[in-house]
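File shown: start-v4.txt (compact mmCIF, C-alpha atoms and all ligand atoms).
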```txt
# COMPACT_ATOMS: atom_id res chain seq x y z
CA MET B 1 -3.77 -9.44 -4.98
CA LYS B 2 -4.98 -7.35 -2.11
CA ILE B 3 -6.43 -3.89 -2.58
CA PHE B 4 -5.03 -1.38 -0.13
CA CYS B 5 -7.54 1.03 1.34
CA TYR B 6 -7.24 4.62 2.47
CA PRO B 7 -5.26 5.66 4.49
CA SER B 8 -2.59 3.02 3.69
CA ASP B 9 0.78 4.71 3.17
CA VAL B 10 1.46 3.01 -0.16
CA LEU B 11 -1.44 4.94 -1.73
CA ARG B 12 0.45 8.19 -1.09
CA LYS B 13 3.72 7.03 -2.60
CA PRO B 14 4.20 8.23 -6.20
CA GLY B 15 4.86 5.37 -8.62
CA GLU B 16 8.25 4.96 -10.25
CA GLU B 17 8.62 4.96 -14.02
CA VAL B 18 8.58 1.44 -15.44
CA ALA B 19 11.79 0.64 -17.34
CA ARG B 20 11.60 -3.15 -17.72
CA PHE B 21 8.98 -4.57 -20.05
CA ASP B 22 9.14 -8.29 -19.38
CA ASP B 23 6.93 -11.28 -18.60
CA GLU B 24 6.83 -10.30 -14.95
CA LEU B 25 5.25 -6.93 -15.81
CA ALA B 26 2.67 -8.66 -18.04
CA ASP B 27 1.91 -11.09 -15.22
CA VAL B 28 1.38 -8.22 -12.77
CA ALA B 29 -1.03 -6.56 -15.25
CA ARG B 30 -2.94 -9.84 -15.68
CA ARG B 31 -3.31 -10.28 -11.93
CA MET B 32 -4.38 -6.63 -11.57
CA PHE B 33 -7.19 -7.23 -14.09
CA GLU B 34 -8.36 -10.29 -12.14
CA THR B 35 -8.30 -8.30 -8.89
CA MET B 36 -10.19 -5.42 -10.53
CA TYR B 37 -12.89 -7.72 -11.94
CA THR B 38 -13.34 -9.47 -8.60
CA ALA B 39 -13.87 -6.07 -6.98
CA SER B 40 -16.21 -4.90 -9.79
CA GLY B 41 -14.05 -1.91 -10.69
CA VAL B 42 -13.41 -0.33 -14.08
CA GLY B 43 -9.87 0.72 -13.24
CA LEU B 44 -7.05 -0.22 -10.90
CA ALA B 45 -3.66 1.40 -10.37
CA ALA B 46 -0.53 -0.46 -9.23
CA PRO B 47 -0.17 1.52 -5.94
CA GLN B 48 -3.60 0.18 -4.95
CA VAL B 49 -2.16 -3.34 -4.88
CA GLY B 50 0.95 -2.19 -3.05
CA LEU B 51 3.23 -1.68 -6.07
CA SER B 52 4.75 1.79 -6.46
CA ILE B 53 5.09 1.74 -10.23
CA ARG B 54 3.46 3.81 -12.97
CA MET B 55 1.04 1.27 -14.39
CA CYS B 56 -2.73 0.98 -14.37
CA VAL B 57 -5.31 -1.31 -15.93
CA LEU B 58 -8.74 -0.29 -17.17
CA ASN B 59 -11.80 -1.82 -18.71
CA ALA B 60 -14.67 0.62 -19.10
CA GLU B 61 -16.61 -1.65 -21.47
CA GLY B 62 -16.46 -4.90 -19.56
CA THR B 63 -15.52 -6.88 -22.69
CA PRO B 64 -12.18 -8.62 -23.37
CA GLU B 65 -11.50 -6.07 -26.16
CA GLY B 66 -12.05 -3.27 -23.65
CA GLU B 67 -8.93 -4.12 -21.64
CA ARG B 68 -6.26 -1.40 -21.56
CA VAL B 69 -2.90 -1.47 -19.80
CA LEU B 70 -1.29 1.96 -19.49
CA VAL B 71 2.38 2.06 -18.52
CA ASN B 72 4.01 5.42 -17.75
CA PRO B 73 0.88 7.28 -18.92
CA ARG B 74 0.67 11.05 -19.22
CA ILE B 75 -2.12 13.32 -20.36
CA VAL B 76 -0.89 15.47 -23.23
CA GLU B 77 -4.14 17.20 -24.13
CA ARG B 78 -7.42 17.90 -22.36
CA THR B 79 -10.59 19.78 -23.29
CA ASP B 80 -13.71 20.94 -21.43
CA THR B 81 -14.67 19.90 -17.96
CA VAL B 82 -17.52 17.75 -16.77
CA THR B 83 -18.77 16.74 -13.34
CA GLY B 84 -19.71 13.12 -12.62
CA ASP B 85 -19.98 10.48 -9.93
CA GLU B 86 -16.80 8.77 -8.93
CA GLY B 87 -15.85 5.98 -6.57
CA CYS B 88 -12.59 4.19 -5.76
CA LEU B 89 -11.79 0.62 -4.76
CA SER B 90 -9.55 2.10 -2.05
CA PHE B 91 -12.54 4.02 -0.61
CA PRO B 92 -15.29 1.35 -0.49
CA GLY B 93 -18.77 2.78 -0.18
CA ILE B 94 -17.82 6.40 -0.95
CA PHE B 95 -19.06 8.13 -4.09
CA ILE B 96 -18.65 11.83 -4.80
CA LYS B 97 -19.09 14.24 -7.70
CA VAL B 98 -15.71 15.10 -9.21
CA GLN B 99 -14.89 17.57 -11.95
CA ARG B 100 -12.70 16.11 -14.70
CA SER B 101 -11.71 16.88 -18.26
CA ALA B 102 -14.37 15.62 -20.66
CA ARG B 103 -11.89 14.56 -23.36
CA ILE B 104 -8.23 13.68 -23.02
CA THR B 105 -5.34 12.48 -25.12
CA VAL B 106 -2.96 10.14 -23.34
CA ARG B 107 0.54 9.03 -24.28
CA TYR B 108 1.64 5.79 -22.67
CA GLN B 109 3.63 2.64 -23.24
CA ASP B 110 2.09 -0.79 -23.74
CA LEU B 111 3.41 -4.01 -22.19
CA THR B 112 6.08 -4.29 -24.90
CA GLY B 113 7.34 -0.78 -24.14
CA ALA B 114 5.99 0.65 -27.42
CA GLU B 115 4.74 4.25 -27.29
CA GLN B 116 0.99 4.54 -27.83
CA THR B 117 -1.57 7.31 -27.96
CA LEU B 118 -5.23 7.07 -27.08
CA GLU B 119 -8.10 9.50 -27.03
CA ALA B 120 -10.77 9.07 -24.41
CA ASP B 121 -14.07 10.60 -23.43
CA GLY B 122 -17.00 9.71 -21.18
CA LEU B 123 -16.52 7.19 -18.37
CA PHE B 124 -13.24 5.97 -19.85
CA ALA B 125 -11.71 9.48 -19.76
CA ARG B 126 -12.83 9.86 -16.14
CA ALA B 127 -11.35 6.49 -15.20
CA VAL B 128 -8.01 7.23 -16.86
CA GLN B 129 -7.69 10.55 -15.01
CA HIS B 130 -8.60 8.84 -11.73
CA GLU B 131 -5.99 6.10 -12.23
CA ILE B 132 -3.24 8.53 -13.26
CA ASP B 133 -3.97 10.46 -10.05
CA HIS B 134 -3.22 7.23 -8.15
CA LEU B 135 0.21 7.04 -9.82
CA ASP B 136 0.93 10.47 -8.32
CA GLY B 137 -0.39 9.56 -4.88
CA VAL B 138 -3.52 11.70 -5.38
CA LEU B 139 -6.69 10.21 -3.89
CA LEU B 140 -10.45 10.67 -3.95
CA VAL B 141 -10.31 12.38 -0.56
CA ASP B 142 -8.13 15.10 -2.11
CA LYS B 143 -10.88 15.81 -4.64
CA MET B 144 -13.51 16.37 -1.96
CA THR B 145 -14.93 19.79 -1.26
CA ARG B 146 -15.41 20.76 2.39
CA VAL B 147 -19.07 19.87 2.09
CA GLN B 148 -18.24 16.45 0.63
CA GLN B 149 -15.70 15.88 3.39
CA MET B 150 -18.36 16.66 5.98
CA ALA B 151 -20.90 14.40 4.27
CA ASN B 152 -18.41 11.51 4.19
CA ARG B 153 -16.80 12.21 7.56
CA ARG B 154 -18.13 9.09 9.19
CA ALA B 155 -17.18 6.77 6.30
CA LEU B 156 -13.67 8.25 6.16
CA LYS B 157 -13.28 7.87 9.91
CA MET B 158 -14.29 4.21 9.68
CA LEU B 159 -11.66 3.61 6.99
CA GLU B 160 -9.05 5.42 9.10
CA LEU B 161 -9.84 3.30 12.15
CA ARG B 162 -9.74 0.12 10.12
CA HIS B 163 -6.68 0.70 7.96
CA ALA B 164 -4.48 3.37 9.56
CA GLY B 165 -0.80 2.55 9.77
CA THR B 166 -1.40 -1.18 9.85
CA GLY B 167 -0.65 -1.95 6.24
CA ASP B 168 -3.93 -3.78 6.52
CA ALA B 169 -5.63 -4.58 3.23
CA PHE B 170 -9.14 -4.88 1.95
CA VAL B 171 -10.11 -7.42 -0.68
CA GLY B 172 -12.97 -6.78 -3.09
CO CO G 201 -9.14 4.71 -7.16
```
Represent the structure of the file as structure tokens.
Amino acid sequence: MKIFCYPSDVLRKPGEEVARFDDELADVARRMFETMYTASGVGLAAPQVGLSIRMCVLNAEGTPEGERVLVNPRIVERTDTVTGDEGCLSFPGIFIKVQRSARITVRYQDLTGAEQTLEADGLFARAVQHEIDHLDGVLLVDKMTRVQQMANRRALKMLELRHAGTGDAFVG
């Protein structure tokens, strides 16, 4: 799978609710994990690979047991806020400080369609919030302060020149 970079249009398109839980969905999730590992990410959302559906994959631990597939996820509870470094596979080379909730409770469906609940903190909580933003078309650039925008102006411009309106994709 190809990872679409800012400012590809598909990144701005909100994902549609997933209604069919079949082998095809499981296959998409599997291929998203492979794409994420190849790119050394801890999370990847379907819109980043050109699919406008509400699904993301995560692995904050880097072990097989650490794999999580969240379908139609929503945050139902959040506490405290914390600021930390954040990057995005759709913004290669850009890292900024972003304020997020420190602890969250997420309701989602697994690949069988069963309702699940998870509680997350630390890096995993940050990653989940980042990926859910993707499902709503919200990107790292939207989280930037004016100062951060200025500091990353050149890098953003490079991405715009390289990827604007072309549907061009970046791998890894
Ligand atoms: Co991202």
Determine, using all atoms listed in the file, which residues of chain B have any atom at most 9 Å from an atom of ligand CO 201 (chain G), and tabulate each with its shortest atom pair and distance in Å to one decimal place, rows ordered by chain and then rising number, as CSV.
```
residue,atom,partner,partner_atom,distance
B:Gly41,CA,G:CO201,CO,9.0
B:Gly43,CA,G:CO201,CO,7.3
B:Leu44,CA,G:CO201,CO,6.5
B:Ala45,CA,G:CO201,CO,7.2
B:Gln48,CA,G:CO201,CO,7.5
B:Glu86,CA,G:CO201,CO,8.8
B:Gly87,CA,G:CO201,CO,6.9
B:Cys88,CA,G:CO201,CO,3.8
B:Leu89,CA,G:CO201,CO,5.4
B:Ser90,CA,G:CO201,CO,5.8
B:Phe91,CA,G:CO201,CO,7.4
B:Ala127,CA,G:CO201,CO,8.5
B:His130,CA,G:CO201,CO,6.2
B:Glu131,CA,G:CO201,CO,6.1
B:Asp133,CA,G:CO201,CO,8.3
B:His134,CA,G:CO201,CO,6.5
B:Leu139,CA,G:CO201,CO,6.9
B:Leu140,CA,G:CO201,CO,6.9
```
(request) For Arg12 (chain B), list every protein, DNA or RNA residue within 6 Å, evaluated using all atoms listed in the file, and leave out those in the same chain fewer than 2 positions away; present the list as a PyMOL selection string. (result) chain B and resi 9-10+137
(message) Env of region 57-62 of chain B: 10 Å cut, atoms = all atoms listed in the file, seq-sep filter 4 positions within chain, self excluded. Answer as a PyMOL selection string.
(response) chain B and resi 29-30+32-33+36-37+40-46+66-71+122-128+131
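We find CA of Asp22 (chain B) and CA of Val138 (chain B) to be spaced 27.5 Å apart.
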(request) Find the residues with any atom within 12 Å of (3.7, -3.4, -21.3); use all atoms listed in the file and the coordinates as given in the file, and write the answer as a PyMOL selection string. (result) chain B and resi 18-30+54-57+68-73+108-116
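Residue nearest Cys5 (chain B) within the list B:Glu65, B:Val76, B:Arg146, B:Pro92: B:Pro92 [criterion: smallest interatomic distance, only C-alpha atoms].
Candidate residues B:Leu118, B:Asp136, B:Val141, B:Arg162 were compared for distance to Val98 (chain B), and the nearest is B:Val141, using all atoms listed in the file.
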(request) Take CA of Lys157 (chain B) and CA of Asp142 (chain B) and report the distance between them in Å, one decimal. (result) 14.9 Å
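Going from CA of Asp121 (chain B) over to CA of Ala102 (chain B), you cover 5.7 Å.
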